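File shown: my_file26.csv. Contents: CSV, C-alpha atoms.
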```csv
chain,number,residue,atom,x,y,z
A,1271,MET,CA,-14.5,-5.4,16.1
A,1272,LYS,CA,-15.1,-4.4,12.4
A,1273,ARG,CA,-13.6,-1.0,12.9
A,1274,ASN,CA,-10.4,-2.4,14.5
A,1275,VAL,CA,-9.9,-4.8,11.6
A,1276,ALA,CA,-10.4,-1.9,9.2
A,1277,LEU,CA,-7.9,0.3,11.1
A,1278,TRP,CA,-5.3,-2.4,11.3
A,1279,THR,CA,-5.8,-3.3,7.7
A,1280,GLY,CA,-5.1,0.3,6.7
A,1281,ILE,CA,-1.9,0.4,8.8
A,1282,LEU,CA,-0.5,-3.0,7.7
A,1283,ALA,CA,-1.7,-3.4,4.1
A,1284,GLY,CA,0.7,-0.9,2.5
A,1285,PRO,CA,3.9,-2.4,3.9
A,1286,VAL,CA,2.8,-6.0,3.4
A,1287,ILE,CA,1.6,-5.5,-0.2
A,1288,TRP,CA,4.9,-3.7,-1.0
A,1289,LEU,CA,6.9,-6.6,0.4
A,1290,ILE,CA,4.8,-9.2,-1.5
A,1291,GLY,CA,5.0,-7.2,-4.7
A,1292,PHE,CA,8.7,-6.6,-4.4
A,1293,GLU,CA,9.4,-10.3,-3.8
A,1294,ALA,CA,7.1,-11.4,-6.6
A,1295,ASN,CA,8.9,-9.0,-9.1
A,1296,PHE,CA,12.2,-10.3,-7.9
A,1297,ALA,CA,11.2,-13.9,-8.4
A,1298,LEU,CA,9.7,-13.3,-11.8
A,1299,ALA,CA,12.6,-11.1,-13.1
A,1300,PRO,CA,14.6,-14.1,-14.5
A,1301,TRP,CA,11.5,-15.4,-16.2
A,1302,ALA,CA,10.7,-12.0,-17.7
A,1303,CYS,CA,14.3,-11.7,-19.0
A,1304,THR,CA,14.4,-15.2,-20.5
A,1305,LEU,CA,11.1,-14.7,-22.3
A,1306,LYS,CA,11.6,-11.0,-23.0
A,1307,TRP,CA,8.0,-10.5,-21.8
A,1308,LYS,CA,7.2,-8.1,-18.9
A,1309,PRO,CA,3.4,-7.8,-18.6
A,1310,ALA,CA,3.4,-10.0,-15.5
A,1311,LEU,CA,5.7,-7.5,-13.8
A,1312,TYR,CA,3.4,-4.7,-14.9
A,1313,ALA,CA,0.4,-6.5,-13.5
A,1314,ILE,CA,2.1,-7.1,-10.1
A,1315,SER,CA,2.8,-3.4,-9.8
A,1316,ILE,CA,-0.7,-2.3,-10.9
A,1317,ILE,CA,-2.3,-4.7,-8.5
A,1318,SER,CA,0.0,-3.6,-5.7
A,1319,LEU,CA,-0.8,0.1,-6.4
A,1320,ALA,CA,-4.5,-0.7,-6.4
A,1321,ILE,CA,-4.6,-2.6,-3.1
A,1322,THR,CA,-2.4,0.1,-1.4
A,1323,ALA,CA,-4.7,2.8,-2.7
A,1324,GLY,CA,-7.7,0.8,-1.4
A,1325,SER,CA,-6.1,0.5,2.0
A,1326,GLY,CA,-5.5,4.3,2.1
A,1327,TRP,CA,-9.1,4.9,1.1
A,1328,LEU,CA,-10.3,2.5,3.8
A,1329,SER,CA,-8.3,4.4,6.4
A,1330,TRP,CA,-9.6,7.7,5.1
A,1331,VAL,CA,-13.2,6.5,5.4
A,1332,GLN,CA,-12.6,5.4,8.9
A,1333,TRP,CA,-11.1,8.8,9.8
A,1334,GLN,CA,-14.2,10.5,8.4
A,1335,ARG,CA,-16.5,8.3,10.4
A,1336,LEU,CA,-14.5,9.1,13.6
A,1337,GLY,CA,-15.1,12.8,13.1
A,1338,ARG,CA,-12.3,14.1,10.9
A,1339,GLU,CA,-10.3,15.5,13.8
A,1340,TRP,CA,-6.7,15.2,14.7
A,1341,PRO,CA,-6.3,13.0,17.8
A,1342,GLY,CA,-5.9,15.0,21.0
A,1343,GLN,CA,-4.1,14.4,24.2
A,1344,ALA,CA,-6.9,12.3,25.7
A,1345,ALA,CA,-6.3,8.6,26.1
A,1346,SER,CA,-9.6,7.4,24.7
A,1347,THR,CA,-10.7,4.8,22.2
A,1348,VAL,CA,-11.7,7.5,19.7
A,1349,ALA,CA,-8.3,9.2,19.9
A,1350,ARG,CA,-6.5,5.8,19.4
A,1351,SER,CA,-8.8,5.0,16.4
A,1352,GLN,CA,-8.2,8.5,14.9
A,1353,MET,CA,-4.5,8.0,15.2
A,1354,LEU,CA,-4.6,4.6,13.5
A,1355,ALA,CA,-6.8,6.0,10.7
A,1356,ILE,CA,-4.4,8.9,10.1
A,1357,GLY,CA,-1.4,6.6,10.3
A,1358,GLY,CA,-3.1,4.3,7.8
A,1359,VAL,CA,-3.6,7.1,5.3
A,1360,LEU,CA,0.0,8.3,5.7
A,1361,LEU,CA,1.5,4.8,5.5
A,1362,SER,CA,-0.6,3.9,2.5
A,1363,ALA,CA,0.4,7.1,0.7
A,1364,MET,CA,4.0,6.5,1.4
A,1365,PHE,CA,4.0,2.9,0.2
A,1366,PHE,CA,2.0,3.9,-2.8
A,1367,LEU,CA,4.8,6.2,-3.8
A,1368,VAL,CA,7.4,3.5,-3.0
A,1369,ILE,CA,5.6,1.0,-5.2
A,1370,LEU,CA,5.3,3.6,-8.0
A,1371,ALA,CA,9.0,4.5,-7.7
A,1372,GLN,CA,9.9,0.8,-8.1
A,1373,ALA,CA,7.6,0.5,-11.1
A,1374,ILE,CA,9.4,3.2,-13.0
A,1375,PRO,CA,12.4,1.1,-14.0
A,1376,GLU,CA,10.1,-1.6,-15.2
A,1377,LEU,CA,8.7,0.9,-17.7
A,1378,MET,CA,12.0,2.5,-18.7
A,1379,LEU,CA,14.4,-0.5,-18.9
A,1380,GLY,CA,14.3,-3.6,-21.0
A,1381,ALA,CA,13.5,-7.0,-19.6
A,1382,CYS,CA,17.2,-8.0,-19.0
A,1383,GLU,CA,18.6,-4.6,-17.9
```

Will you turn the file into structure tokens for me?
Amino acid sequence: MKRNVALWTGILAGPVIWLIGFEANFALAPWACTLKWKPALYAISIISLAITAGSGWLSWVQWQRLGREWPGQAASTVARSQMLAIGGVLLSAMFFLVILAQAIPELMLGACE
């Protein structure tokens, strides 16, 4: 049961954290513009990056525990778990880059731009 939770966390954490961080930045943007103060937006991006990196690491650890092999053609529990672990690593990496790309304008632009 613990392994299944870890595997599904690795798969779902990246997209869910991106969505929550994106919505939080969108909701706080008028406030940041009014006060001309953006550290809250930076904090959201940093926390989102850290959680997404953690979910990728969790998937990586699960993949190593399963034998560090690419899933084969066999329809076994181990092959399914290996596929979920690799998918979690790849999804976490992709959403890490998406969150990082969305953080770049926060660093480059002013609070109201």

Contacts of Leu1360 of chain A at 12 Å (all atoms listed in the file; same-chain gap of 3+ positions) as a VMD selection string: chain A and resid 1280 to 1285 1322 to 1323 1325 to 1330 1333 1353 to 1357 1363 to 1367

Distance of atom CA of Ala1381 of chain A from atom CA of Ala1299 of chain A, expressed in Å to one decimal place: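 Interatomic distance here is 7.7 Å.
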
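Relative to atom CA of Ile1287 of chain A, atom CA of Arg1338 of chain A is found at 26.5 Å.
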
Minimum-distance residue to Ala1320 of chain A, chosen among A:Phe1296, A:Trp1307, A:Trp1278, A:Trp1288 (using all atoms listed in the file): A:Trp1288

Proximity to Val1368 of chain A - best of A:Ile1317, A:Ala1297, A:Leu1289, A:Leu1311, only C-alpha atoms: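 Nearest to Val1368 of chain A: A:Leu1289.
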
Contacts of Ser1315 of chain A at 8 Å (only C-alpha atoms; same-chain gap of 6+ positions) as an MDAnalysis selection string: chainID A and resid 1291 1369:1370 1373

Residue nearest Val1275 of chain A - candidates A:Ser1346, A:Ser1318, A:Ser1351, A:Gln1372, atoms counted: only C-alpha atoms: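 For Val1275 of chain A, the nearest of the candidates is A:Ser1351.
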
Residue nearest Tyr1312 of chain A among A:Lys1272, A:Val1286, A:Leu1298, A:Gln1332 (counting all atoms listed in the file):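 Selected residue with least distance to Tyr1312 of chain A: A:Leu1298.
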
Atom-to-atom span, atom CA of Glu1293 of chain A and atom CA of Leu1277 of chain A, Å: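 Atom CA of Leu1277 of chain A lies at a distance of 25.2 Å from atom CA of Glu1293 of chain A.
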
Given only C-alpha atoms as the counted atoms, nearest of A:Leu1336, A:Ile1314, A:Ile1374, A:Leu1379 to Val1348 of chain A: A:Leu1336

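Of the residues under consideration (A:Ala1310, A:Ala1302, A:Leu1319, A:Asn1274), A:Leu1319 shows the shortest atom-to-atom contact distance to Ser1362 of chain A when counting all atoms listed in the file.
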
Test item: residues at most 9 Å from Gly1380 of chain A, all atoms listed in the file, excluding those fewer than 2 positions along its chain, as a VMD selection string: chain A and resid 1303 1306 1308 1375 to 1378 1382 to 1383
